[in-house]
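**Q** Handing you a structure now.
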Amino acid sequence: MFTATMIKQVFPGLVFFLSTAAQSAPAASATRSGEHPTLSIGSPAPDFSLPATDGKTYSLASFKNATLLVVVFTCNHCPTAQAYEDRLIRLSSDYRSKGVAVVAIMPNDPLSIRLDELGYTDMGDSFEEMKQRAAIKHFNFPYLYDGKTEEVSRKYGPVATPHVFIFDQQRRLRYSGRIDDTEKPTKTPGNNTTREALEALLAGRPVEIPTTKVFGCSVKWTEKSDWISKARQEWAAEPVTLDTIGSEGLKELLANHSDKLRLINVWATWCGPCVGEFKDFITINRMYRRRDFEFISISADDPAKMQKALAFLKTQQASVKNYLFNDDNKYKLIETIDPNWQGALPYTLLVEPGGRVVFAKQGQIDPAELKKTIVDHPLIGRYY
């Protein structure tokens with residue numbers, strides 16, 4: 001067996017070659033995202049041609065006049081990504097006059113995201129939803145979609161969202177890592193790592209800390225799409241039940257002595273709009289049920305039609321608290337639920353702990369509006 005000393009004596013040229021190569025080549029990143037290695041410091045920026053929410057298509061050439069290029073992999077649904085949105089907007093604004101360009105890329109395959117991963121958002125990561133989020137937040141940087149193929153994201157290898165890559169004027173990678181060390185926008189960061197890297201590069205100095213760990217949601221690569229089929233199997237196996245409830249029970253539900261934000265929907269099998277929108281409530285429940293939230297459905301069907309109502313709930317996989325009003329006098333139901341309700345179905349309420357109604361809707365809901373109302377409520381929220 002050769003020892004290190006013997007190798008040096010017998011193959012001095014080989015040792016010199018290997019040591020020189022190790023010093024001159026960019027170090028391979030120890031950080032990996034699944035099977036997609038993170039781009040190493042010193043590597044050239046991989047080119048791209050991706051559509052943006054502003055209707056344009058961007059490539060590296062689109063930023064050829066920038067002294068430095070900041071590529072941020074981020075998304076809509078991740079609570080950490082949302083927590084950093086305003087800081088990214090400020091970063092773009094503060095450094096634009098210094099020749100720094102910021103571009104955001106959404107790396108997730110929208111079809112690889114389970115509904116229960118959307119508990120901190122009202123939007124998924126589809127291109128249309130990206131357009132909506134960019135408009136709501138007034139992004140002052142291009143927001144690019146790579147969710148269809150993920151080809152660009154695989155070349156950069158982001159570990160989580162958000163993940164920052166900073167390139168110099170020759171488009172060599174000089175920094176890879178976090179924006180700063182504090183997720184919550186209400187706290188002051190101890191280390192503004194991205195800004196420190198930019199200041200160093202603008203001053204012609206090397207970046208003191210060229211790589212950091214990143215914190216956030218894992219990238220939803222296409223190969224994770226089997227999570228969806230597993231989730232569907234889990235949901236299908238959950239039991240669906242239907243109990244009866246009277247006026248006093250309804251009053252208790254509305255008083256909401258729980259510690260959860262309570263969504264209540266009154267529906268009936270004979271009501272077309274009720275049946276048509278019920279799937280939206282199941283989606284909302286699957287999104288937020290791991291949070292301080294619960295969904296309760298109340299059937300206004302005739303008590304004699306209880307089995308029909310239960311059969312419908314089973315087709316919807318409504319594994320929530322389901323009740324059927326046990327009195328055929330529907331005016332008791334109306335007056336107990338809400339004296340201001342005129343009686344048309346469906347009827348939906350969002351009730352805080354303690355009984356305060358924060359949302360009421362006669363007729364079909366706007367799912368996007370309701371999800372936004374839920375996630376923006378202080379009891380839920382968009383980040384940890």
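The way I read the labels, and the way they are meant: chains A, B, ... in the order of the structure tokens, residue 1 as the first residue of every chain, and ligand 1 as the first ligand shown, with later ones counted on from there.
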I need the strand (DSSP E or B) residues of range 217-270 of chain A per DSSP on the backbone, written as a PyMOL selection string.
**A** chain A and resi 217-218+243-245+261-267
**Q** Keeping only N, CA and C atoms, write the selected residues to a file as a short mmCIF file (atom, residue, chain, number, x, y, z; two decimals), in the first residue's frame.
**A**
data_model
loop_
_atom_site.label_atom_id
_atom_site.label_comp_id
_atom_site.auth_asym_id
_atom_site.auth_seq_id
_atom_site.Cartn_x
_atom_site.Cartn_y
_atom_site.Cartn_z
N CYS A 217 -38.29 27.08 2.50
CA CYS A 217 -38.97 25.89 1.99
C CYS A 217 -38.09 25.21 0.94
N SER A 218 -38.06 23.90 0.99
CA SER A 218 -37.29 23.16 -0.01
C SER A 218 -37.88 23.40 -1.40
N ASP A 243 -73.38 14.30 11.53
CA ASP A 243 -74.17 14.30 12.76
C ASP A 243 -75.29 15.34 12.65
N THR A 244 -76.27 15.21 13.52
CA THR A 244 -77.35 16.21 13.55
C THR A 244 -77.03 17.28 14.58
N ILE A 245 -77.64 18.43 14.39
CA ILE A 245 -77.43 19.56 15.30
C ILE A 245 -78.71 20.39 15.37
N LEU A 261 -59.73 29.84 14.20
CA LEU A 261 -60.55 30.58 13.26
C LEU A 261 -61.49 29.57 12.61
N ARG A 262 -62.79 29.79 12.68
CA ARG A 262 -63.77 28.79 12.29
C ARG A 262 -64.54 29.22 11.03
N LEU A 263 -64.44 28.41 10.00
CA LEU A 263 -65.16 28.65 8.75
C LEU A 263 -66.40 27.76 8.75
N ILE A 264 -67.57 28.38 8.56
CA ILE A 264 -68.84 27.65 8.56
C ILE A 264 -69.54 27.86 7.24
N ASN A 265 -69.95 26.77 6.61
CA ASN A 265 -70.68 26.85 5.35
C ASN A 265 -72.00 26.10 5.48
N VAL A 266 -73.10 26.82 5.14
CA VAL A 266 -74.43 26.22 5.15
C VAL A 266 -74.79 25.89 3.71
N TRP A 267 -75.19 24.65 3.46
CA TRP A 267 -75.37 24.16 2.10
C TRP A 267 -76.51 23.14 2.06
#
**Q** Can you tell me, as a PyMOL selection string, what residues are no more than 12 Å from Pro206 in chain A when counting only C-alpha atoms, ignoring any on the same chain fewer than 3 positions away?
**A** chain A and resi 41-42+168+173-175+196-203+209-210
**Q** Looking at only C-alpha atoms, which of A:Ala160, A:Ala368, A:Leu111, A:Leu310 is the one that sits closest to Pro79 in chain A?
**A**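 Nearest candidate to Pro79 in chain A out of A:Ala160, A:Ala368, A:Leu111, A:Leu310: A:Ala160.
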**Q** Out of A:Phe278, A:Phe48, A:Phe73, A:Trp227, which residue has the shortest atom-to-atom distance to Tyr347 in chain A when counting only C-alpha atoms?
**A**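 Between A:Phe278, A:Phe48, A:Phe73, A:Trp227, the residue approaching Tyr347 in chain A most closely is A:Phe278.
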**Q** Using only C-alpha atoms, pick whichever of A:Val102, A:Met130, A:Ala255, A:Ala318 has the shortest atom-to-atom distance to Val72 in chain A.
**A**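 Looking only at the distances to Val72 in chain A, the closest residue turns out to be A:Val102.
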**Q** Just asking: which residues within range 128-195 of chain A are helix (DSSP H, G or I) according to DSSP, as a ChimeraX atom specification?
**A** /A:128-137,151-156,193-195
**Q** The selected residues should be written to file as a PDB file, in the first residue's frame (atoms: C-alpha atoms).
**A**
ATOM      1  CA  GLU A 128     -50.906  33.097 -13.228  1.00  0.00           C
ATOM      2  CA  GLU A 129     -50.651  33.286  -9.457  1.00  0.00           C
ATOM      3  CA  MET A 130     -47.130  34.677  -9.765  1.00  0.00           C
ATOM      4  CA  LYS A 131     -48.551  37.497 -11.884  1.00  0.00           C
ATOM      5  CA  GLN A 132     -51.138  38.207  -9.197  1.00  0.00           C
ATOM      6  CA  ARG A 133     -48.563  38.239  -6.405  1.00  0.00           C
ATOM      7  CA  ALA A 134     -46.182  40.481  -8.340  1.00  0.00           C
ATOM      8  CA  ALA A 135     -49.001  42.965  -8.941  1.00  0.00           C
ATOM      9  CA  ILE A 136     -50.167  42.929  -5.322  1.00  0.00           C
ATOM     10  CA  LYS A 137     -46.655  43.475  -3.949  1.00  0.00           C
ATOM     11  CA  GLU A 151     -34.021  23.484 -16.343  1.00  0.00           C
ATOM     12  CA  VAL A 152     -32.526  26.780 -15.187  1.00  0.00           C
ATOM     13  CA  SER A 153     -33.102  26.056 -11.505  1.00  0.00           C
ATOM     14  CA  ARG A 154     -31.351  22.691 -11.804  1.00  0.00           C
ATOM     15  CA  LYS A 155     -28.261  24.462 -13.181  1.00  0.00           C
ATOM     16  CA  TYR A 156     -28.123  26.897 -10.261  1.00  0.00           C
ATOM     17  CA  THR A 193     -25.186  39.019   4.423  1.00  0.00           C
ATOM     18  CA  THR A 194     -26.408  39.832   0.913  1.00  0.00           C
ATOM     19  CA  ARG A 195     -25.943  43.567   1.398  1.00  0.00           C
TER      20      ARG A 195
END
**Q** Name all residues at most 8 Å from Asn192 in chain A (count only C-alpha atoms; drop same-chain ones fewer than 5 positions away) and give them as a ChimeraX atom specification.
**A** /A:179-181
**Q** Of the residues A:Leu39, A:Val351, A:Leu88, A:Cys271, which is the one nearest to Val159 in chain A, using only C-alpha atoms?
**A**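 Looking only at the distances to Val159 in chain A, the closest residue turns out to be A:Leu39.
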**Q** Looking at only C-alpha atoms, which of A:Ser62, A:Asn108, A:Thr348, A:Ser247 is the one that sits closest to Asn326 in chain A?
**A** A:Ser247
**Q** So which one's closest to Ile113 in chain A, A:Thr38, A:Asn191, A:Ser299, A:Thr222? Using only C-alpha atoms, please.
**A**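 Among the listed residues, A:Thr222 lies closest to Ile113 in chain A.
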